[in-house]
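*Asks:* The following file, entry31.txt, comprises compact mmCIF, C-alpha atoms:
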# COMPACT_ATOMS: atom_id res chain seq x y z
CA MET A 528 -41.37 55.56 10.23
CA THR A 529 -41.20 51.99 9.00
CA ALA A 530 -40.54 49.35 11.60
CA THR A 531 -37.83 46.84 10.74
CA LEU A 532 -38.43 43.33 11.98
CA PRO A 533 -35.41 41.26 13.02
CA VAL A 534 -34.48 38.58 10.53
CA ASN A 535 -33.24 35.27 11.84
CA VAL A 536 -30.24 34.27 9.79
CA LYS A 537 -29.24 30.64 10.22
CA SER A 538 -25.48 30.50 10.07
CA GLU A 539 -23.88 27.47 8.47
CA ILE A 540 -21.93 25.32 10.88
CA PHE A 541 -18.21 25.30 10.14
CA TYR A 542 -16.31 22.02 10.32
CA PRO A 543 -12.55 22.75 10.32
CA SER A 544 -10.16 20.59 8.35
CA ALA A 545 -7.07 21.40 10.42
CA ASP A 546 -6.14 22.40 13.94
CA GLY A 547 -2.52 23.47 13.50
CA GLN A 548 -1.19 20.44 15.35
CA PRO A 549 1.69 18.35 13.93
CA VAL A 550 0.75 15.34 11.83
CA ALA A 551 2.68 12.90 14.00
CA GLU A 552 4.58 12.86 17.27
CA THR A 553 7.94 11.67 15.89
CA TYR A 554 9.57 10.76 12.59
CA ASP A 555 8.98 7.06 13.33
CA HIS A 556 5.27 7.69 13.83
CA LEU A 557 5.08 9.79 10.67
CA TYR A 558 6.92 7.18 8.61
CA ALA A 559 4.64 4.40 9.89
CA LEU A 560 1.59 6.54 9.09
CA LEU A 561 2.72 7.43 5.56
CA THR A 562 3.80 3.91 4.61
CA THR A 563 0.50 2.47 5.86
CA LEU A 564 -1.43 5.12 3.95
CA GLU A 565 0.40 4.59 0.66
CA VAL A 566 0.40 0.78 0.82
CA LEU A 567 -3.35 0.63 1.47
CA LYS A 568 -4.09 3.28 -1.16
CA GLN A 569 -2.29 1.21 -3.77
CA TYR A 570 -3.95 -1.99 -2.59
CA LEU A 571 -7.46 -0.49 -2.81
CA ALA A 572 -6.84 1.60 -5.93
CA ASN A 573 -9.48 -0.20 -8.00
CA ARG A 574 -12.04 -0.53 -5.23
CA GLN A 575 -14.99 1.63 -4.24
CA ALA A 576 -13.14 2.83 -1.16
CA THR A 577 -10.93 5.60 0.18
CA VAL A 578 -7.98 5.74 2.57
CA LEU A 579 -7.49 8.91 4.60
CA ALA A 580 -4.76 9.92 7.03
CA ASN A 581 -4.72 12.40 9.92
CA GLN A 582 -7.94 14.05 8.81
CA PHE A 583 -10.85 14.98 11.00
CA LEU A 584 -13.55 12.37 11.36
CA TYR A 585 -16.81 14.12 12.34
CA TYR A 586 -19.34 11.77 13.87
CA ALA A 587 -22.12 14.05 15.22
CA GLN A 588 -23.92 16.40 12.85
CA GLY A 589 -24.19 19.92 14.22
CA PHE A 590 -21.39 19.42 16.75
CA PRO A 591 -18.07 20.31 15.09
CA LYS A 592 -16.14 19.84 18.31
CA LEU A 593 -17.05 16.15 18.35
CA ARG A 594 -14.28 14.88 16.14
CA VAL A 595 -11.16 12.73 16.08
CA ALA A 596 -8.28 12.52 13.62
CA PRO A 597 -7.42 8.85 13.04
CA ASP A 598 -3.90 8.32 11.77
CA VAL A 599 -5.16 6.10 8.95
CA MET A 600 -8.74 5.09 8.21
CA VAL A 601 -10.16 2.88 5.47
CA ILE A 602 -13.75 3.46 4.37
CA PHE A 603 -15.52 1.10 1.96
CA ASP A 604 -18.51 1.78 -0.30
CA VAL A 605 -17.70 5.47 -0.78
CA ALA A 606 -16.30 7.41 -3.73
CA PRO A 607 -12.51 7.01 -4.07
CA GLY A 608 -10.24 9.99 -3.56
CA GLY A 609 -9.22 12.37 -0.82
CA ARG A 610 -11.30 14.64 1.37
CA ASP A 611 -10.45 17.64 3.51
CA ASN A 612 -12.40 15.97 6.31
CA TYR A 613 -14.86 13.11 6.67
CA LYS A 614 -18.43 13.52 7.89
CA ILE A 615 -20.18 10.24 8.56
CA TRP A 616 -23.69 11.63 7.99
CA GLU A 617 -22.75 12.97 4.54
CA GLU A 618 -20.88 9.90 3.31
CA GLY A 619 -23.27 7.37 4.82
CA GLN A 620 -20.47 5.03 5.87
CA VAL A 621 -18.50 4.56 9.07
CA PRO A 622 -14.77 3.80 8.67
CA THR A 623 -14.22 0.06 8.36
CA VAL A 624 -10.65 -0.14 9.66
CA ILE A 625 -8.68 2.43 11.67
CA PHE A 626 -4.97 2.45 12.50
CA GLU A 627 -3.49 4.60 15.26
CA MET A 628 0.29 5.06 15.58
CA THR A 629 0.40 5.12 19.35
CA SER A 630 2.97 6.18 21.92
CA PHE A 631 3.28 6.17 25.68
CA SER A 632 2.03 9.77 25.81
CA THR A 633 -1.14 8.92 23.84
CA LYS A 634 -1.70 5.51 25.42
CA GLY A 635 -4.74 6.48 27.50
CA HIS A 636 -6.43 8.41 24.70
CA ASP A 637 -5.82 5.65 22.16
CA GLU A 638 -6.59 2.64 24.36
CA ILE A 639 -9.57 4.06 26.24
CA PHE A 640 -11.26 7.05 24.57
CA LYS A 641 -10.69 6.16 20.92
CA LYS A 642 -11.28 2.46 21.43
CA THR A 643 -14.61 3.17 23.14
CA LEU A 644 -15.61 5.71 20.48
CA TYR A 645 -14.74 3.47 17.53
CA GLU A 646 -16.54 0.59 19.20
CA GLN A 647 -19.68 2.70 19.60
CA LEU A 648 -19.45 4.00 16.03
CA GLY A 649 -19.23 0.46 14.68
CA VAL A 650 -15.69 0.54 13.25
CA LYS A 651 -15.07 -3.13 12.42
CA GLU A 652 -11.38 -3.17 13.27
CA TYR A 653 -9.12 -0.95 15.34
CA TRP A 654 -5.35 -1.41 15.25
CA LEU A 655 -2.78 0.16 17.58
CA PHE A 656 0.79 0.23 16.30
CA ASP A 657 3.64 1.29 18.58
CA PRO A 658 6.68 1.95 16.32
CA LYS A 659 8.96 2.76 19.26
CA SER A 660 7.84 -0.24 21.35
CA GLU A 661 6.92 2.03 24.26
CA TRP A 662 3.92 0.17 25.63
CA VAL A 663 2.27 -2.23 23.17
CA GLU A 664 3.53 -5.79 23.50
CA GLN A 665 5.06 -6.91 20.18
CA GLN A 666 4.26 -3.39 18.87
CA LEU A 667 0.89 -4.28 17.29
CA ARG A 668 -2.50 -4.77 18.92
CA GLY A 669 -5.80 -5.18 17.13
CA TYR A 670 -9.48 -5.28 18.06
CA ARG A 671 -12.29 -6.77 15.99
CA LEU A 672 -15.95 -5.94 16.46
CA ARG A 673 -18.05 -8.93 17.48
CA GLY A 674 -21.62 -7.80 17.79
CA GLU A 675 -21.24 -4.47 19.53
CA VAL A 676 -18.07 -5.24 21.49
CA TYR A 677 -14.40 -5.24 20.57
CA GLU A 678 -12.48 -8.47 21.03
CA PRO A 679 -8.68 -8.80 20.73
CA ILE A 680 -7.47 -9.98 17.34
CA GLU A 681 -5.46 -13.14 17.85
CA ASP A 682 -4.84 -14.26 14.27
CA GLY A 683 -2.83 -11.26 13.05
CA ARG A 684 -5.10 -10.63 10.09
CA SER A 685 -7.53 -7.98 8.95
CA GLU A 686 -10.82 -9.56 7.90
CA PRO A 687 -12.21 -6.55 5.98
CA LEU A 688 -8.91 -5.94 4.16
CA GLN A 689 -8.14 -9.64 3.63
CA LEU A 690 -4.56 -8.95 4.62
CA ARG A 691 -2.16 -10.50 7.10
CA LEU A 692 -0.27 -8.00 9.25
CA ALA A 693 3.30 -8.37 10.46
CA ILE A 694 5.92 -6.12 12.04
CA GLU A 695 9.01 -5.24 10.08
CA GLY A 696 11.16 -2.87 12.09
CA LYS A 697 9.17 0.28 12.68
CA ILE A 698 6.41 -0.25 10.14
CA ILE A 699 3.48 -2.56 9.56
CA ALA A 700 3.97 -5.03 6.72
CA PHE A 701 0.91 -6.25 4.81
CA TYR A 702 0.57 -9.57 2.98
CA ARG A 703 -2.27 -10.62 0.69
CA GLU A 704 -4.18 -13.62 2.00
CA ASP A 705 -5.02 -14.91 -1.49
CA THR A 706 -1.48 -14.99 -2.89
CA GLY A 707 0.80 -14.46 0.11
CA GLU A 708 2.36 -11.57 -1.80
CA LYS A 709 3.72 -8.66 0.22
CA LEU A 710 2.39 -5.18 -0.47
CA LEU A 711 5.56 -3.23 -1.16
CA ILE A 712 6.30 0.16 0.33
CA ALA A 713 7.77 2.95 -1.81
CA ASP A 714 11.43 2.04 -1.19
CA GLU A 715 10.73 -1.61 -1.97
CA LEU A 716 8.85 -0.67 -5.13
CA VAL A 717 11.82 1.40 -6.31
CA GLU A 718 14.21 -1.48 -5.58
CA ALA A 719 11.89 -3.98 -7.29
CA LEU A 720 11.74 -1.71 -10.34
CA ARG A 721 15.53 -1.37 -10.34
CA GLN A 722 15.94 -5.14 -10.17
CA GLU A 723 13.40 -5.54 -12.97
CA VAL A 724 15.32 -3.08 -15.15
CA ILE A 725 18.60 -4.88 -14.40
CA ALA A 726 17.02 -8.25 -15.19
CA ARG A 727 15.63 -6.90 -18.47
CA GLN A 728 19.00 -5.44 -19.43
CA GLN A 729 20.72 -8.72 -18.61
CA ALA A 730 18.14 -10.63 -20.66
CA GLU A 731 18.68 -8.26 -23.60
CA GLU A 732 22.45 -8.67 -23.29
CA ARG A 733 22.10 -12.47 -23.25
CA ALA A 734 19.80 -12.32 -26.27
CA GLU A 735 22.31 -10.11 -28.09
CA GLN A 736 25.14 -12.48 -27.21
CA GLU A 737 23.10 -15.44 -28.46
CA SER A 738 22.33 -13.54 -31.63
CA GLN A 739 26.01 -12.78 -32.14
CA ARG A 740 26.96 -16.43 -31.54
CA ALA A 741 24.27 -17.55 -34.00
CA GLU A 742 25.59 -15.09 -36.58
CA GLN A 743 29.15 -16.32 -36.06
CA GLU A 744 28.00 -19.94 -36.49
CA ARG A 745 26.14 -18.96 -39.66
CA GLN A 746 29.21 -17.25 -41.03
CA ARG A 747 31.41 -20.25 -40.17
CA ALA A 748 28.93 -22.58 -41.85
CA GLU A 749 28.88 -20.38 -44.96
CA GLN A 750 32.68 -20.26 -44.99
CA ALA A 751 32.88 -24.05 -44.66
CA GLN A 752 30.36 -24.51 -47.46
CA LEU A 753 32.33 -22.07 -49.64
CA GLU A 754 35.55 -24.01 -49.02
CA ILE A 755 33.79 -27.26 -49.95
CA GLU A 756 32.49 -25.75 -53.17
CA GLN A 757 35.96 -24.43 -54.00
CA LEU A 758 37.44 -27.89 -53.36
CA LYS A 759 34.84 -29.53 -55.58
CA ALA A 760 35.57 -27.02 -58.33
CA LYS A 761 39.28 -27.79 -58.10
CA LEU A 762 38.63 -31.53 -58.31
CA ARG A 763 36.46 -31.05 -61.38
CA SER A 764 39.25 -29.04 -62.98
CA LEU A 765 41.39 -32.15 -62.54
CA ASN A 766 38.67 -34.30 -64.13
CA ILE A 767 37.87 -35.86 -60.78
CA ASP A 768 34.24 -36.36 -59.83
CA PRO A 769 33.97 -34.99 -56.26
CA ASP A 770 30.95 -37.22 -55.61
CA THR A 771 33.18 -40.33 -55.93
CA ILE A 772 35.47 -39.20 -53.15
For the structure just supplied, provide its representation as C-alpha cells.

*Replies:*
Amino acid sequence: MTATLPVNVKSEIFYPSADGQPVAETYDHLYALLTTLEVLKQYLANRQATVLANQFLYYAQGFPKLRVAPDVMVIFDVAPGGRDNYKIWEEGQVPTVIFEMTSFSTKGHDEIFKKTLYEQLGVKEYWLFDPKSEWVEQQLRGYRLRGEVYEPIEDGRSEPLQLRLAIEGKIIAFYREDTGEKLLIADELVEALRQEVIARQQAEERAEQESQRAEQERQRAEQAQLEIEQLKAKLRSLNIDPDTI
C-alpha cells in the first residue's frame, strides 16, 4: 500500500465586486452620484487618472471583508479606465478625492467611520454631499488632509482637482479654477450642442442671405451698366458723342 501525504493547497482569496445592495438610497442620491462621476470623468479624460463610482475599495490585502464602496472616488497616477473593484496594494495609489452622497440614515457611517478610515488611509480630500438637505448645513461639507488630520474645507475648492465646488439644486456643480468655466453635465452638454447647432444654422442662413443680396446687387449693377451701354449706342446712332454729355 502506498501512503498518500496530504497536500496543502493555498486557495486564492476572493475579493467580490458586488454585494447585491442598491447603488444609491434614492433617485436624488443616484443622480448626484452619476452626474459627479460623468463630469469628473470628462474633466480628467486626458489625465493619468481614473474615476470610479460605487465600487469596492479594498484597503487590507488578505482581508476581503475590509472594504468600503465610496460613491465616487478619484485616483491619480494610475491607468485610466474602469475596474470591477480597486485594491490599493495592487494599484499602488490611495484615492485622492472621495465623494459620498450622504443622508440622515448614513450620517454616522459617513461622518465617523468613513471619515476616520479615509483620514487614516491618506485620502487628501473627503466631501459629503447631502442632496436632500437632511443633515449637512448648506448640503456640502468637505475635509482636507493637513498632515495626518482632516480639517474642514472653508474655501469651497478642491485642491487636487483644481476645481471650485458649488451647489446647484440637488447636484454638485464644478468650475475650473483656471478659466472659471463650468463643467457641464449631460443635459447641459446636450443643450449647449443644440444651441451651437442653432447658432451655426442661423449663421449659415445669414451668410446665404448676404450672398443672395450680393448677387442681387451684382445683377442690378450689370443691368444698369447694360442700360448705359444701350443709351450710348443710341446716342452714337444719332451722331452724338456720349462722352460729351

*Asks:* By how many Å are CA of Val605 in chain A and CA of Leu690 in chain A apart?

*Replies:*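 So the two atoms, CA of Val605 in chain A and CA of Leu690 in chain A, lie 20.2 Å apart.
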
*Asks:* Give me the residues of range 606-714 of chain A that have any atom at most 7 Å from an atom of range 573-595 of chain A; for each, the nearest atom pair and the distance in Å, rounded to one decimal. Use only C-alpha atoms, sort by chain and number, and format it as a Markdown table.

*Replies:*
| residue | atom | partner | partner_atom | distance |
| --- | --- | --- | --- | --- |
| A:Ala606 | CA | A:Gln575 | CA | 5.9 |
| A:Pro607 | CA | A:Thr577 | CA | 4.7 |
| A:Gly608 | CA | A:Thr577 | CA | 5.8 |
| A:Gly609 | CA | A:Leu579 | CA | 6.7 |
| A:Asp611 | CA | A:Gln582 | CA | 6.9 |
| A:Asn612 | CA | A:Phe583 | CA | 5.0 |
| A:Tyr613 | CA | A:Leu584 | CA | 4.9 |
| A:Lys614 | CA | A:Tyr585 | CA | 4.8 |
| A:Ile615 | CA | A:Tyr586 | CA | 5.6 |
| A:Trp616 | CA | A:Gln588 | CA | 6.8 |

*Asks:* Work out how far CA of Glu704 in chain A is from CA of Gln689 in chain A, in Å to one decimal.

*Replies:*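 Separating CA of Gln689 in chain A from CA of Glu704 in chain A is a distance of 5.8 Å.
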
*Asks:* May I ask for the distance between CA of Ala748 in chain A and CA of Ile767 in chain A, given in Å to one decimal place?

*Replies:* 24.8 Å

*Asks:* Would you please work out which residue, of A:Ala713, A:Val550, A:Leu667, A:Leu567, is nearest to Glu695 in chain A when using only C-alpha atoms?

*Replies:*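 Nearest candidate to Glu695 in chain A out of A:Ala713, A:Val550, A:Leu667, A:Leu567: A:Leu667.
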
*Asks:* Give the answer as one residue: which of A:Ile694, A:Ile699, A:Leu672, A:Met628 has the shortest atom-to-atom distance to Glu552 in chain A, using all atoms listed in the file?

*Replies:*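 Comparing A:Ile694, A:Ile699, A:Leu672, A:Met628 against Glu552 in chain A, the winner is A:Met628.
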
*Asks:* Taking (-13.5, 0.1, 18.3) in the file's coordinates, which residues come within 12 Å, counting only C-alpha atoms, written as an NGL selection string?

*Replies:* :A and (597 or 621-627 or 637-655 or 669-680)

*Asks:* Counting all atoms listed in the file, figure out which residue out of A:Ile540, A:Thr629, A:Gln548, A:Val566 gets nearest to Tyr702 in chain A.

*Replies:* A:Val566

*Asks:* With distances taken over all atoms listed in the file, which residue among A:Asp714, A:Ala596, A:Asp604, A:Gln757 lies nearest Thr562 in chain A?

*Replies:*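 Nearest to Thr562 in chain A: A:Asp714.
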
*Asks:* Is there a way to get, as an NGL selection string, all residues within 10 Å of the point (9.2, 5.7, 26.0) in file coordinates, counting only C-alpha atoms?

*Replies:* :A and (630-632 or 659-662)

*Asks:* Can you report as lines of an AutoDock Vina configuration file the centre and edge lengths in Å, to one decimal, of an axis-aligned box around the listed atoms of range 636-655 of chain A padded with 5 Å on each side?

*Replies:*
center_x = -11.2
center_y = 2.6
center_z = 19.3
size_x = 26.9
size_y = 21.6
size_z = 23.8
